[in-house]
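Notes for the one structure printed next.
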Amino acid sequence: MAKKVLTIIVLALLLAGFLYLRPFLFKKEAPPRLIDRLPEAEFMGKANILELARETTGMMFYNKVSYRDFTSYEFILSQSKMYGVDLQKPAYLFGNENGNLGAILHVSDSSKTSNGIDRIRNFVTIRDSLIYDTKIWYIPKQNAYIHYGKNYLLIYSGSNFRTILNQVLNSKIYKQRKEWNKFLSLKEFKNDHLVIYSNWKKLNRFGIETALFAHDSDSISFNLKSYLKKKTPFHIKKKSAGIAFASIANSKKSVEFHLDIEKLNEHPEDSLYVSLVQIGRKFGFPIVEFLNAWNGDLCFAEGGTQKIQEKYVTTELDEEFNVSEVEKTREVEVQGYSLLISTNDKGYLFVNRLFQKGFLRQDEKKFRVLFSPPLNFIQTRDFISLYSGSTAPKFNLGEQNRIFWTNQETRYSFQLDSLNTYEIFGSMQIPVARLFKRNKIN
């Protein structure tokens, strides 16, 4: 009798243990989150599409862009709900140097997503196919792919779709990829609606550990903010002020920088220093001599025209029809150039190297830098100045670190906002009116 009771107790304990452990033994693995599916890439981004639409509405209406109604917050929201895409959550972007680009978006109702794909068929050719036993849609003309699951939508254009799809399908919950985890945990530009992160190998050569870019806009321009973080100190500081042009009126292009590079010259092993030397060697430019002689101030201006006297030789016939060559002088207009570089006592050695390398050569009483027009040249212990005008430009103290560059009548500007031991903050403004007109989209 005791054995039967003991057997019943043991069986009861085993049954209880089985019932307790059953959820763990036969537990079905939860599907990965959308952020777990994000594939490896050299460039990664996060976009709040609806907020971007709201932010750019003023720009679209101010510039009278013809399709502005289709980029409004209300229209995009209504369309996304119609096709089950949740744009109230962020979209994630990814891409590589070779031009391959993609995006992954949240899906709220996957049963509606196929309707959106059917609508696209009205405009482009779409082929249905299977990859890894998974249904995908291929758009041949754009070399683009579409795939969606229960809670995500993948859009991709490029030559590496199989690898991307494999990473998306075979992800594990809470196994977010390292670079995405690093990007999404950064505090910089946390509240911006479009942020791009890069772990590009070419940036790594300069010792850049983190590169971030964020977008702002108003009615007249895009503002691209940038943040760079270096693994080791930059060894460069902003100067409070330095020698600069007193005026650069009518300049289409201008550069002004005031930097303290004394520490950089003390660290020739620095990745930035090494990279500059390598770039200089490609063109035969004496970059080491330049860095040793440079006192951190650099100003350049291009714009307007200057009249100069140019000598030329012509062939003439005298009264007896004898041919002779006659040297004459004529007035011609050349592009206006001004260049100013602050130097130390090694400036003369740097200039000598420019002559030896052929970057600077004398043309009678003036000088040419490669294929520039004839320039006036002034050198003192403290600076080098080259200019195309008849009078030397005036100098004063400047404190800006910025670039203005005009291309096809569009004026771009770059500003170095702050610089500390490991970090650089900068911004770039791009006017949009001319861009809209140039591309005929307004």
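Every chain in the structure tokens has a letter given in the order shown (A, B, ...), and although residue numbers restart at 1 in each chain, ligands are simply numbered from 1 in the order shown.
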Determine which residues of range 121-294 of chain A DSSP labels as alpha helix (DSSP H) from the backbone of this structure, then write them out as number ranges by chain.
A: 161-169, 178-184, 201-204, 262-265, 271-283, 287-293
DSSP strand (DSSP E or B) selection over range 181-370 of chain A, as a ChimeraX atom specification:
/A:194-198,208-217,221-230,237-238,242-245,253-260,294-317,323-343,360-363,366-369
Applying 8 Å and only C-alpha atoms, which residues near Ile208 in chain A remain after dropping the ones on its own chain fewer than 6 positions away? List them as a ChimeraX atom specification.
/A:228-231
Expected file contents, prior selection, all heavy atoms, as a PDB file, in the first residue's frame:
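Written out: again23.pdb:
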ATOM      1  N   LEU A 228      30.740  65.846 -35.606  1.00  0.00           N
ATOM      2  CA  LEU A 228      31.820  64.877 -35.765  1.00  0.00           C
ATOM      3  C   LEU A 228      32.502  64.662 -34.423  1.00  0.00           C
ATOM      4  O   LEU A 228      32.813  65.622 -33.718  1.00  0.00           O
ATOM      5  CB  LEU A 228      32.849  65.369 -36.791  1.00  0.00           C
ATOM      6  CG  LEU A 228      32.353  65.660 -38.206  1.00  0.00           C
ATOM      7  CD1 LEU A 228      33.500  66.200 -39.054  1.00  0.00           C
ATOM      8  CD2 LEU A 228      31.751  64.429 -38.858  1.00  0.00           C
ATOM      9  N   LYS A 229      32.745  63.416 -34.111  1.00  0.00           N
ATOM     10  CA  LYS A 229      33.460  63.078 -32.875  1.00  0.00           C
ATOM     11  C   LYS A 229      34.659  62.220 -33.230  1.00  0.00           C
ATOM     12  O   LYS A 229      34.542  61.253 -33.979  1.00  0.00           O
ATOM     13  CB  LYS A 229      32.552  62.335 -31.899  1.00  0.00           C
ATOM     14  CG  LYS A 229      33.224  62.028 -30.565  1.00  0.00           C
ATOM     15  CD  LYS A 229      32.280  61.341 -29.604  1.00  0.00           C
ATOM     16  CE  LYS A 229      32.958  61.059 -28.280  1.00  0.00           C
ATOM     17  NZ  LYS A 229      32.055  60.349 -27.327  1.00  0.00           N
ATOM     18  N   LYS A 230      35.800  62.582 -32.688  1.00  0.00           N
ATOM     19  CA  LYS A 230      37.045  61.898 -32.998  1.00  0.00           C
ATOM     20  C   LYS A 230      37.454  61.002 -31.830  1.00  0.00           C
ATOM     21  O   LYS A 230      37.159  61.293 -30.665  1.00  0.00           O
ATOM     22  CB  LYS A 230      38.135  62.946 -33.267  1.00  0.00           C
ATOM     23  CG  LYS A 230      39.303  62.478 -34.117  1.00  0.00           C
ATOM     24  CD  LYS A 230      40.070  63.678 -34.654  1.00  0.00           C
ATOM     25  CE  LYS A 230      41.315  63.231 -35.436  1.00  0.00           C
ATOM     26  NZ  LYS A 230      42.423  62.921 -34.544  1.00  0.00           N
ATOM     27  N   LYS A 231      38.129  59.908 -32.166  1.00  0.00           N
ATOM     28  CA  LYS A 231      38.591  58.987 -31.132  1.00  0.00           C
ATOM     29  C   LYS A 231      39.697  59.606 -30.291  1.00  0.00           C
ATOM     30  O   LYS A 231      39.807  59.352 -29.093  1.00  0.00           O
ATOM     31  CB  LYS A 231      39.107  57.695 -31.782  1.00  0.00           C
ATOM     32  CG  LYS A 231      38.075  56.946 -32.595  1.00  0.00           C
ATOM     33  CD  LYS A 231      38.691  55.744 -33.286  1.00  0.00           C
ATOM     34  CE  LYS A 231      37.687  55.020 -34.162  1.00  0.00           C
ATOM     35  NZ  LYS A 231      38.291  53.881 -34.896  1.00  0.00           N
TER      36      LYS A 231
END
Which of A:Ile35, A:Ile136, A:Val288, A:Ile243 sits closest to Arg162 in chain A [using only C-alpha atoms]:
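Nearest candidate to Arg162 in chain A out of A:Ile35, A:Ile136, A:Val288, A:Ile243: A:Ile136.
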Would you kindly return, as a PyMOL selection string, each protein, DNA or RNA residue with an atom no farther than 9 Å from any atom of Leu386 in chain A, considering only C-alpha atoms and excluding same-chain residues fewer than 6 positions away?
chain A and resi 337-340+367+375-379+392
Using the selection just defined, write its residues with N, CA and C atoms as a compact mmCIF listing (two decimals), in the first residue's frame.
# COMPACT_ATOMS: atom_id res chain seq x y z
N TYR A 337 40.45 87.77 -57.83
CA TYR A 337 40.91 86.82 -56.82
C TYR A 337 41.64 87.56 -55.71
N SER A 338 41.45 87.09 -54.49
CA SER A 338 42.23 87.58 -53.35
C SER A 338 42.51 86.41 -52.42
N LEU A 339 43.76 86.28 -52.00
CA LEU A 339 44.15 85.20 -51.10
C LEU A 339 45.03 85.77 -50.01
N LEU A 340 44.75 85.37 -48.77
CA LEU A 340 45.50 85.85 -47.61
C LEU A 340 45.79 84.67 -46.69
N PHE A 367 52.72 87.34 -60.66
CA PHE A 367 52.88 85.93 -60.33
C PHE A 367 51.61 85.17 -60.70
N LEU A 375 48.82 87.75 -60.87
CA LEU A 375 48.46 88.24 -59.54
C LEU A 375 49.59 89.07 -58.96
N ASN A 376 49.19 90.05 -58.17
CA ASN A 376 50.17 90.79 -57.37
C ASN A 376 50.51 89.95 -56.16
N PHE A 377 51.73 90.06 -55.70
CA PHE A 377 52.22 89.21 -54.61
C PHE A 377 52.90 90.06 -53.54
N ILE A 378 52.44 89.87 -52.29
CA ILE A 378 53.06 90.54 -51.15
C ILE A 378 53.39 89.48 -50.10
N GLN A 379 54.62 89.51 -49.60
CA GLN A 379 54.99 88.61 -48.51
C GLN A 379 55.72 89.36 -47.43
N ALA A 392 45.92 96.68 -53.35
CA ALA A 392 45.89 95.58 -52.38
C ALA A 392 44.63 95.67 -51.51
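Atom pair CA of Gly336 in chain A / CA of Ser221 in chain A: separated by 28.0 Å.
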Would you compute the distance between CA of Asn396 in chain A and CA of Asp382 in chain A? Give it in Å to one decimal.
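Taking CA of Asn396 in chain A as the start and CA of Asp382 in chain A as the end point, the length is 13.5 Å.
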Please list as a PyMOL selection string every residue within 10 Å of range 97-110 of chain A, counting only C-alpha atoms and excluding residues in the same chain fewer than 2 positions away.
chain A and resi 34-35+37-39+41-47+80-95+112-115+144-161+164+168+200-202
Neighbours of range 413-418 of chain A within 9 Å (only C-alpha atoms; same-chain residues fewer than 3 positions away dropped), as JSON, numbers by chain?
{"A": [238, 257, 400, 401, 402, 403, 404, 405, 406, 423, 424, 425, 426, 427, 428, 429, 430]}
Using only C-alpha atoms, which of A:Ser78, A:Gln176, A:Ser271, A:Thr71 sits nearest Pro233 in chain A?
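Looking at the shortest contact to Pro233 in chain A, the residue is A:Ser271.
Atom to atom, CA of Lys225 in chain A and CA of Glu40 in chain A stand 23.9 Å apart.
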For range 239-242 of chain A, work out the shell of residues within 7 Å, counting only C-alpha atoms and skipping chain neighbours fewer than 4 positions away, then give it as number ranges by chain.
A: 258-260, 297, 397-399
Output file for the residues above (N, CA and C atoms, as an mmCIF file, in the first residue's frame):
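Dumped everything to out.cif:
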data_model
loop_
_atom_site.group_PDB
_atom_site.id
_atom_site.type_symbol
_atom_site.label_atom_id
_atom_site.label_comp_id
_atom_site.auth_asym_id
_atom_site.auth_seq_id
_atom_site.Cartn_x
_atom_site.Cartn_y
_atom_site.Cartn_z
ATOM 1 N N HIS A 258 40.034 80.846 -38.951
ATOM 2 C CA HIS A 258 40.987 81.308 -37.949
ATOM 3 C C HIS A 258 41.144 80.184 -36.924
ATOM 4 N N LEU A 259 42.211 79.413 -37.082
ATOM 5 C CA LEU A 259 42.424 78.215 -36.279
ATOM 6 C C LEU A 259 43.789 78.241 -35.618
ATOM 7 N N ASP A 260 43.878 77.569 -34.494
ATOM 8 C CA ASP A 260 45.143 77.379 -33.795
ATOM 9 C C ASP A 260 45.588 75.934 -34.042
ATOM 10 N N ASP A 297 45.388 81.439 -40.061
ATOM 11 C CA ASP A 297 44.408 82.309 -40.712
ATOM 12 C C ASP A 297 44.456 82.090 -42.219
ATOM 13 N N LEU A 397 40.750 92.563 -38.304
ATOM 14 C CA LEU A 397 40.629 91.339 -37.517
ATOM 15 C C LEU A 397 39.276 90.684 -37.801
ATOM 16 N N GLY A 398 39.299 89.374 -38.011
ATOM 17 C CA GLY A 398 38.069 88.619 -38.226
ATOM 18 C C GLY A 398 38.002 87.444 -37.274
ATOM 19 N N GLU A 399 36.788 86.960 -37.041
ATOM 20 C CA GLU A 399 36.607 85.838 -36.113
ATOM 21 C C GLU A 399 35.705 84.737 -36.679
#
For a quick check of understanding, using only C-alpha atoms, which of A:Ile139, A:Phe300, A:Arg54, A:Lys175 has the smallest distance to Arg121 in chain A?
A:Ile139
Using only C-alpha atoms, can you tell me which of A:Glu289, A:His193, A:Phe213, A:Pro32 comes closest to Arg353 in chain A?
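Looking only at the distances to Arg353 in chain A, the closest residue turns out to be A:Glu289.
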